[in-house]
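Colleague: Structure in structure tokens, see below.
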Amino acid sequence: MARSMNVLFLTIALPDLNNSSNMYGDLIQEYIKQGHKVYTVAPTAKEKTHISVENKVEVLRVKTLTLFGVGNVKKGIAYQMLIPQYLLAIKKYFSNIHVDLIICHTPPLEFALIMQVLKKKFKCSFYLLLRDYIWQDAVGLGIIKEKGIICRYYRYLEKKMYQLADGIGCMSQGNIEFVKYYYPDLNAAKLHILDNFQSPQVKVEKDDDLRTKYELKGKFVSVYGGNMGVSQKMENILALAQACMEYNDVIFLLIGNGTSFKKLKIRAQQIQLTNIKFYDFIPRDEYQKLMAQCNLGLISLNENLKIPNIPSKTISYFNMSIPILASIDYVTDYGELLESTNSGLWSYGGDLKTLKANFDKLYHSQDLRDEMGENGYHYYCKNMTAEYAYHKIMDFLNK
């Protein structure tokens, strides 16, 4: 085991660990399990800044503006305010600790200005979990102009973030090539592949009570779990559900939230989709159990995206041995991941004909579903556990 270190995690996405967890929470727990002292900084929009102990993890909850479920302008303002809010809270609560390693993620790129101060203060290593590309995404979707002042600002933050980082974990080879394309002067040795990750979930058998609770008994269930916004273009899933109305036993289960959630529910009602159910939140433990009741995991990416995105919800599907049906953009190498692991079928966004044909293949063949589900699970066990991510990060920083 590596020597015990003081590790500071900065995140904007951490649920109350007493009740749930997520990818970052699992990695925090793994660092504690491996013998390190962990200090965690995360937001709260409803309480004053305070330190709480959540499932044996010390979390500094910083009072911020609302970061999620708001429009782009409000989110942009909240992210700018995050810089002094986090720095002042860290100075007040963690002023007397020594930090050996800081880990943070993107988004937001505003973390770059926080890291500039903290790395100088602690003279420590900094590892970046590169999970998203902000300005490229916004330009591709027409939210900002590539030569505008907002874009130039975020390009500045992105470049600074990459320069400050001692290691950058990218979700795929496509991500690495993407960074190298925009920043050819960056030391490419900083970049390596770090898949999305999750602690293993106990596999559960089919549960008739749970299927009855969610009105899924006797149904072929296609599930989507995660954010529903412009980047996901969930209209592709609604179109598939409409095309599948011919099947009396098919249900589309959409779990999550986001800026498009209400609009999607209204649209589903307007076109009279009777084979679709929406849930804005399900506790993680029950969510994982519900995954085990499903036959198919859905992925949707806006075909206009210009970034090679690897959806994090893949780990939940793989973890529960669920085959994947994906509608993706033209630049991601996510389709290559599904093909190389033989864990699902994919088509480009907007190609309803191929998406429906892929659905039909999986619907009519349990053998194919079982094979692809097991293939995804084996890939997860080998490459996507929180323990594997921990060792890969530490090995990279110690080489």
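Residue numbering restarts at 1 for every chain of the structure tokens, chains are lettered A, B, ... in their displayed order, and ligands are numbered from 1 as they appear.
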Please return, as an mmCIF file with N, CA and C atoms, in the first residue's frame, all residues of region 14-80 of chain A that DSSP assigns to strand (DSSP E) on the basis of the backbone.

Modeller:
data_model
loop_
_atom_site.group_PDB
_atom_site.id
_atom_site.type_symbol
_atom_site.label_atom_id
_atom_site.label_comp_id
_atom_site.auth_asym_id
_atom_site.auth_seq_id
_atom_site.Cartn_x
_atom_site.Cartn_y
_atom_site.Cartn_z
ATOM 1 N N LYS A 37 -6.117 9.694 4.961
ATOM 2 C CA LYS A 37 -7.003 10.664 5.605
ATOM 3 C C LYS A 37 -7.596 11.546 4.512
ATOM 4 N N VAL A 38 -8.903 11.617 4.468
ATOM 5 C CA VAL A 38 -9.573 12.322 3.379
ATOM 6 C C VAL A 38 -10.353 13.519 3.912
ATOM 7 N N TYR A 39 -10.128 14.658 3.275
ATOM 8 C CA TYR A 39 -10.914 15.864 3.533
ATOM 9 C C TYR A 39 -11.728 16.153 2.266
ATOM 10 N N THR A 40 -13.020 16.341 2.422
ATOM 11 C CA THR A 40 -13.900 16.466 1.267
ATOM 12 C C THR A 40 -14.639 17.799 1.303
ATOM 13 N N VAL A 41 -14.704 18.460 0.148
ATOM 14 C CA VAL A 41 -15.438 19.719 0.023
ATOM 15 C C VAL A 41 -16.534 19.531 -1.020
ATOM 16 N N ALA A 42 -17.763 19.848 -0.633
ATOM 17 C CA ALA A 42 -18.921 19.675 -1.506
ATOM 18 C C ALA A 42 -19.936 20.778 -1.209
ATOM 19 N N PRO A 43 -20.873 21.024 -2.116
ATOM 20 C CA PRO A 43 -21.803 22.138 -1.921
ATOM 21 C C PRO A 43 -23.050 21.775 -1.124
ATOM 22 N N THR A 44 -23.681 22.788 -0.564
ATOM 23 C CA THR A 44 -25.037 22.694 -0.048
ATOM 24 C C THR A 44 -25.735 24.010 -0.364
ATOM 25 N N HIS A 50 -20.799 24.142 6.862
ATOM 26 C CA HIS A 50 -20.538 23.363 8.063
ATOM 27 C C HIS A 50 -19.783 22.086 7.699
ATOM 28 N N ILE A 51 -19.201 21.448 8.707
ATOM 29 C CA ILE A 51 -18.577 20.138 8.519
ATOM 30 C C ILE A 51 -19.521 19.078 9.086
ATOM 31 N N SER A 52 -19.772 18.057 8.306
ATOM 32 C CA SER A 52 -20.609 16.953 8.762
ATOM 33 C C SER A 52 -19.870 15.642 8.544
ATOM 34 N N VAL A 53 -20.198 14.643 9.355
ATOM 35 C CA VAL A 53 -19.639 13.310 9.174
ATOM 36 C C VAL A 53 -20.725 12.452 8.533
ATOM 37 N N GLU A 54 -20.455 12.015 7.318
ATOM 38 C CA GLU A 54 -21.431 11.255 6.541
ATOM 39 C C GLU A 54 -20.851 9.886 6.215
ATOM 40 N N VAL A 57 -17.273 9.717 6.678
ATOM 41 C CA VAL A 57 -16.480 10.624 5.843
ATOM 42 C C VAL A 57 -16.693 12.052 6.332
ATOM 43 N N GLU A 58 -15.597 12.794 6.555
ATOM 44 C CA GLU A 58 -15.675 14.188 6.972
ATOM 45 C C GLU A 58 -15.888 15.057 5.727
ATOM 46 N N VAL A 59 -17.048 15.718 5.673
ATOM 47 C CA VAL A 59 -17.411 16.506 4.499
ATOM 48 C C VAL A 59 -17.631 17.960 4.895
ATOM 49 N N LEU A 60 -16.898 18.867 4.272
ATOM 50 C CA LEU A 60 -17.130 20.296 4.431
ATOM 51 C C LEU A 60 -18.183 20.702 3.406
ATOM 52 N N ARG A 61 -19.391 20.943 3.894
ATOM 53 C CA ARG A 61 -20.480 21.367 3.026
ATOM 54 C C ARG A 61 -20.492 22.892 2.963
ATOM 55 N N VAL A 62 -20.263 23.431 1.767
ATOM 56 C CA VAL A 62 -20.133 24.872 1.572
ATOM 57 C C VAL A 62 -21.439 25.443 1.030
ATOM 58 N N LYS A 63 -21.916 26.501 1.674
ATOM 59 C CA LYS A 63 -23.125 27.170 1.217
ATOM 60 C C LYS A 63 -22.868 27.821 -0.141
#

Colleague: So which residues touch Thr341 (chain A) within 12 Å, counting only C-alpha atoms, skipping near sequence neighbours fewer than 6 positions away, as JSON, numbers by chain?

Modeller: {"A": [318, 323, 324, 334, 335, 371, 372, 373, 374, 375, 376, 377, 378, 379, 380, 382, 383]}

Colleague: For the residues in the current selection, export all heavy atoms as a CSV table (one decimal), in the first residue's frame.

Modeller:
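Okay, selection_23.csv is ready:
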chain,number,residue,atom,x,y,z
A,318,PHE,N,-23.6,-2.0,-16.6
A,318,PHE,CA,-22.6,-3.1,-16.6
A,318,PHE,C,-22.6,-3.8,-15.3
A,318,PHE,O,-22.5,-5.0,-15.2
A,318,PHE,CB,-21.2,-2.5,-16.8
A,318,PHE,CG,-20.9,-2.2,-18.3
A,318,PHE,CD1,-21.8,-2.5,-19.3
A,318,PHE,CD2,-19.6,-1.8,-18.6
A,318,PHE,CE1,-21.5,-2.2,-20.6
A,318,PHE,CE2,-19.3,-1.5,-20.0
A,318,PHE,CZ,-20.2,-1.8,-21.0
A,323,PRO,N,-27.6,-5.4,-20.9
A,323,PRO,CA,-27.1,-5.0,-22.2
A,323,PRO,C,-27.5,-3.6,-22.5
A,323,PRO,O,-28.5,-3.1,-21.9
A,323,PRO,CB,-27.7,-6.0,-23.1
A,323,PRO,CG,-29.0,-6.4,-22.5
A,323,PRO,CD,-28.6,-6.4,-21.0
A,324,ILE,N,-26.8,-2.9,-23.4
A,324,ILE,CA,-27.0,-1.5,-23.6
A,324,ILE,C,-27.5,-1.3,-25.1
A,324,ILE,O,-27.0,-1.9,-26.0
A,324,ILE,CB,-25.7,-0.7,-23.4
A,324,ILE,CG1,-25.4,-0.7,-21.9
A,324,ILE,CG2,-25.8,0.7,-23.9
A,324,ILE,CD1,-24.1,0.0,-21.5
A,334,TYR,N,-17.8,6.0,-28.0
A,334,TYR,CA,-18.6,5.1,-27.1
A,334,TYR,C,-19.1,3.8,-27.9
A,334,TYR,O,-19.1,2.7,-27.3
A,334,TYR,CB,-19.8,5.8,-26.6
A,334,TYR,CG,-20.6,5.1,-25.6
A,334,TYR,CD1,-20.1,4.8,-24.3
A,334,TYR,CD2,-21.9,4.6,-25.9
A,334,TYR,CE1,-20.9,4.1,-23.4
A,334,TYR,CE2,-22.7,3.9,-24.9
A,334,TYR,CZ,-22.1,3.6,-23.7
A,334,TYR,OH,-22.9,2.9,-22.8
A,335,GLY,N,-19.4,4.0,-29.1
A,335,GLY,CA,-19.8,2.9,-30.0
A,335,GLY,C,-18.7,1.8,-30.1
A,335,GLY,O,-18.9,0.6,-30.1
A,371,GLU,N,-25.8,-12.6,-23.1
A,371,GLU,CA,-24.4,-12.6,-23.5
A,371,GLU,C,-23.8,-11.2,-23.4
A,371,GLU,O,-22.7,-11.0,-22.8
A,371,GLU,CB,-24.2,-13.1,-25.0
A,371,GLU,CG,-22.8,-13.0,-25.5
A,371,GLU,CD,-22.7,-13.3,-27.0
A,371,GLU,OE1,-23.7,-13.6,-27.6
A,371,GLU,OE2,-21.6,-13.3,-27.5
A,372,MET,N,-24.5,-10.2,-23.9
A,372,MET,CA,-24.0,-8.8,-23.8
A,372,MET,C,-24.0,-8.3,-22.4
A,372,MET,O,-23.0,-7.6,-22.0
A,372,MET,CB,-24.8,-7.9,-24.7
A,372,MET,CG,-24.6,-8.2,-26.2
A,372,MET,SD,-25.5,-7.0,-27.2
A,372,MET,CE,-24.6,-7.2,-28.8
A,373,GLY,N,-25.0,-8.7,-21.6
A,373,GLY,CA,-25.0,-8.3,-20.2
A,373,GLY,C,-23.8,-8.8,-19.4
A,373,GLY,O,-23.2,-8.1,-18.7
A,374,GLU,N,-23.5,-10.1,-19.6
A,374,GLU,CA,-22.3,-10.7,-19.0
A,374,GLU,C,-21.0,-10.1,-19.4
A,374,GLU,O,-20.1,-9.9,-18.6
A,374,GLU,CB,-22.4,-12.2,-19.1
A,374,GLU,CG,-23.4,-12.9,-18.3
A,374,GLU,CD,-23.2,-12.6,-16.8
A,374,GLU,OE1,-22.1,-12.8,-16.3
A,374,GLU,OE2,-24.2,-12.2,-16.2
A,375,ASN,N,-20.9,-9.8,-20.7
A,375,ASN,CA,-19.7,-9.2,-21.3
A,375,ASN,C,-19.5,-7.8,-20.6
A,375,ASN,O,-18.3,-7.5,-20.2
A,375,ASN,CB,-19.8,-9.0,-22.8
A,375,ASN,CG,-19.7,-10.4,-23.5
A,375,ASN,OD1,-19.2,-11.3,-23.0
A,375,ASN,ND2,-20.2,-10.4,-24.7
A,376,GLY,N,-20.5,-7.0,-20.5
A,376,GLY,CA,-20.4,-5.7,-19.8
A,376,GLY,C,-20.0,-5.9,-18.4
A,376,GLY,O,-19.2,-5.1,-17.9
A,377,TYR,N,-20.6,-6.9,-17.7
A,377,TYR,CA,-20.2,-7.1,-16.3
A,377,TYR,C,-18.7,-7.5,-16.1
A,377,TYR,O,-18.1,-7.0,-15.2
A,377,TYR,CB,-21.1,-8.2,-15.7
A,377,TYR,CG,-20.8,-8.5,-14.2
A,377,TYR,CD1,-21.1,-7.6,-13.2
A,377,TYR,CD2,-20.2,-9.7,-13.9
A,377,TYR,CE1,-20.8,-7.8,-11.9
A,377,TYR,CE2,-19.9,-10.0,-12.6
A,377,TYR,CZ,-20.2,-9.0,-11.6
A,377,TYR,OH,-19.9,-9.3,-10.3
A,378,HIS,N,-18.2,-8.3,-17.0
A,378,HIS,CA,-16.8,-8.7,-16.9
A,378,HIS,C,-15.9,-7.5,-17.2
A,378,HIS,O,-14.9,-7.4,-16.5
A,378,HIS,CB,-16.6,-9.9,-17.9
A,378,HIS,CG,-17.2,-11.2,-17.5
A,378,HIS,ND1,-17.1,-11.7,-16.2
A,378,HIS,CD2,-17.9,-12.1,-18.2
A,378,HIS,CE1,-17.8,-12.8,-16.2
A,378,HIS,NE2,-18.3,-13.1,-17.4
A,379,TYR,N,-16.3,-6.7,-18.1
A,379,TYR,CA,-15.5,-5.5,-18.4
A,379,TYR,C,-15.5,-4.6,-17.1
A,379,TYR,O,-14.4,-4.0,-16.8
A,379,TYR,CB,-16.0,-4.7,-19.6
A,379,TYR,CG,-15.2,-3.5,-19.9
A,379,TYR,CD1,-14.0,-3.6,-20.7
A,379,TYR,CD2,-15.5,-2.2,-19.4
A,379,TYR,CE1,-13.2,-2.5,-21.0
A,379,TYR,CE2,-14.7,-1.1,-19.7
A,379,TYR,CZ,-13.6,-1.3,-20.5
A,379,TYR,OH,-12.8,-0.2,-20.8
A,380,TYR,N,-16.7,-4.4,-16.5
A,380,TYR,CA,-16.8,-3.6,-15.3
A,380,TYR,C,-15.8,-4.1,-14.2
A,380,TYR,O,-15.1,-3.4,-13.6
A,380,TYR,CB,-18.2,-3.6,-14.8
A,380,TYR,CG,-18.3,-3.2,-13.3
A,380,TYR,CD1,-18.1,-1.9,-12.9
A,380,TYR,CD2,-18.4,-4.2,-12.4
A,380,TYR,CE1,-18.1,-1.5,-11.6
A,380,TYR,CE2,-18.4,-3.8,-11.0
A,380,TYR,CZ,-18.3,-2.5,-10.6
A,380,TYR,OH,-18.3,-2.2,-9.3
A,382,LYS,N,-13.2,-5.8,-14.4
A,382,LYS,CA,-11.8,-5.6,-14.7
A,382,LYS,C,-11.3,-4.2,-14.7
A,382,LYS,O,-10.1,-3.9,-14.4
A,382,LYS,CB,-11.5,-6.3,-16.0
A,382,LYS,CG,-10.0,-6.4,-16.4
A,382,LYS,CD,-9.8,-7.1,-17.7
A,382,LYS,CE,-8.3,-7.1,-18.1
A,382,LYS,NZ,-8.1,-7.8,-19.4
A,383,ASN,N,-12.2,-3.3,-15.1
A,383,ASN,CA,-11.7,-1.9,-15.4
A,383,ASN,C,-12.5,-0.8,-14.7
A,383,ASN,O,-12.0,0.4,-14.8
A,383,ASN,CB,-11.8,-1.7,-16.9
A,383,ASN,CG,-11.0,-2.6,-17.8
A,383,ASN,OD1,-9.8,-2.5,-17.9
A,383,ASN,ND2,-11.7,-3.6,-18.3

Colleague: Would you please work out which residue, of A:Gln366, A:Gly69, A:Gly349, A:Val204, is nearest to Phe261 (chain A) when using only C-alpha atoms?

Modeller: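 Result for the nearest residue to Phe261 (chain A): A:Gly69.
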
Colleague: Set the distance at 6 Å and use only C-alpha atoms: which residues neighbour Leu325 (chain A) once local chain neighbours fewer than 3 positions away are removed? I'd like the list as a list in words.

Modeller: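 Final neighbour list, sorted by chain and number: Leu298, Gly344, Leu345 and Trp346 of chain A.
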
Colleague: Export all heavy atoms of the chosen residues as an mmCIF file, in the first residue's frame?

Modeller:
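The resulting file, out14.cif, is reproduced below:
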data_model
loop_
_atom_site.group_PDB
_atom_site.id
_atom_site.type_symbol
_atom_site.label_atom_id
_atom_site.label_comp_id
_atom_site.auth_asym_id
_atom_site.auth_seq_id
_atom_site.Cartn_x
_atom_site.Cartn_y
_atom_site.Cartn_z
ATOM 1 N N LEU A 298 -30.609 2.051 -21.488
ATOM 2 C CA LEU A 298 -30.656 3.021 -22.581
ATOM 3 C C LEU A 298 -29.607 4.122 -22.406
ATOM 4 O O LEU A 298 -29.387 4.616 -21.304
ATOM 5 C CB LEU A 298 -32.038 3.663 -22.666
ATOM 6 C CG LEU A 298 -33.218 2.710 -22.917
ATOM 7 C CD1 LEU A 298 -34.537 3.462 -22.747
ATOM 8 C CD2 LEU A 298 -33.123 2.101 -24.324
ATOM 9 N N GLY A 344 -23.371 -4.258 -26.155
ATOM 10 C CA GLY A 344 -24.571 -3.531 -26.550
ATOM 11 C C GLY A 344 -24.567 -3.181 -28.023
ATOM 12 O O GLY A 344 -23.604 -3.463 -28.751
ATOM 13 N N LEU A 345 -25.653 -2.561 -28.464
ATOM 14 C CA LEU A 345 -25.818 -2.126 -29.843
ATOM 15 C C LEU A 345 -26.005 -0.614 -29.873
ATOM 16 O O LEU A 345 -26.540 -0.032 -28.930
ATOM 17 C CB LEU A 345 -27.035 -2.816 -30.483
ATOM 18 C CG LEU A 345 -27.011 -4.344 -30.515
ATOM 19 C CD1 LEU A 345 -28.330 -4.888 -31.077
ATOM 20 C CD2 LEU A 345 -25.827 -4.855 -31.345
ATOM 21 N N TRP A 346 -25.577 0.015 -30.966
ATOM 22 C CA TRP A 346 -25.656 1.467 -31.027
ATOM 23 C C TRP A 346 -26.034 1.939 -32.417
ATOM 24 O O TRP A 346 -25.894 1.229 -33.415
ATOM 25 C CB TRP A 346 -24.323 2.092 -30.613
ATOM 26 C CG TRP A 346 -23.189 1.804 -31.573
ATOM 27 C CD1 TRP A 346 -22.386 0.705 -31.579
ATOM 28 C CD2 TRP A 346 -22.768 2.621 -32.669
ATOM 29 N NE1 TRP A 346 -21.472 0.782 -32.606
ATOM 30 C CE2 TRP A 346 -21.690 1.943 -33.293
ATOM 31 C CE3 TRP A 346 -23.186 3.848 -33.172
ATOM 32 C CZ2 TRP A 346 -21.031 2.476 -34.410
ATOM 33 C CZ3 TRP A 346 -22.530 4.377 -34.282
ATOM 34 C CH2 TRP A 346 -21.458 3.690 -34.883
#

Colleague: Can you pull out every residue within 9 Å of region 156-163 of chain A, counting only C-alpha atoms, but drop anything in the same chain fewer than 5 positions away, and send it as a list of chain:residue names?

Modeller: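 Those residues are A:Leu109, A:Glu110, A:Phe111, A:Ala112, A:Leu113, A:Met115, A:Gln116, A:Leu128, A:Tyr133, A:Ile134, A:Trp135, A:Cys151, A:Ile168, A:Tyr183, A:Leu186, A:Asn187, A:Lys190.
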
Colleague: Contacts of His98 (chain A) at 10 Å or less, counting only C-alpha atoms, minus same-chain residues fewer than 5 places along, as a ChimeraX atom specification?

Modeller: /A:5-8,121-124

Colleague: Restricting the calculation to only C-alpha atoms, which member of A:Ala357, A:Leu191, A:Val230, A:Ile32 is positioned closest to Ser4 (chain A)?

Modeller: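 Once distances to Ser4 (chain A) are computed over only C-alpha atoms, the minimum belongs to A:Ile32.
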
Colleague: At what distance in Å, to one decimal, does CA of Lys48 (chain A) lie from CA of Tyr79 (chain A)?

Modeller: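 So the two atoms, CA of Tyr79 (chain A) and CA of Lys48 (chain A), lie 17.6 Å apart.
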
Colleague: Go through A:Met384, A:Ile28, A:Leu296, A:Ile97 one by one, measure the shortest atom-to-atom distance of each to Leu368 (chain A) using only C-alpha atoms, and give the residue with the smallest value.

Modeller: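 Between A:Met384, A:Ile28, A:Leu296, A:Ile97, the residue approaching Leu368 (chain A) most closely is A:Leu296.
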
Colleague: Excluding region 299-311 of chain A and any residue of its chain fewer than 3 positions from it, enumerate the residues within 9 Å of it, using only C-alpha atoms, and give them as a PyMOL selection string.

Modeller: chain A and resi 131-133+136-141+171-172+174-175+178+195-196+224-225+230-237+314-315+324-334+346+348-350

Colleague: From the options A:Gln173, A:Thr212, A:Gln201, A:Ser260, which residue's atoms come nearest to Gly226 (chain A), counting only C-alpha atoms?

Modeller: A:Ser260

Colleague: For Tyr86 (chain A), which of A:Tyr279, A:Tyr127, A:Tyr153, A:Phe9 is the closest residue, counting only C-alpha atoms?

Modeller: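 Looking only at the distances to Tyr86 (chain A), the closest residue turns out to be A:Phe9.
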
Colleague: Would you list, as a ChimeraX atom specification, the residues of region 89-303 of chain A that end up in helix (DSSP H, G or I) under DSSP run on this structure's backbone?

Modeller: /A:89-93,111-122,134-140,149-164,173-182,188-190,208-213,235-243,261-270,284-291
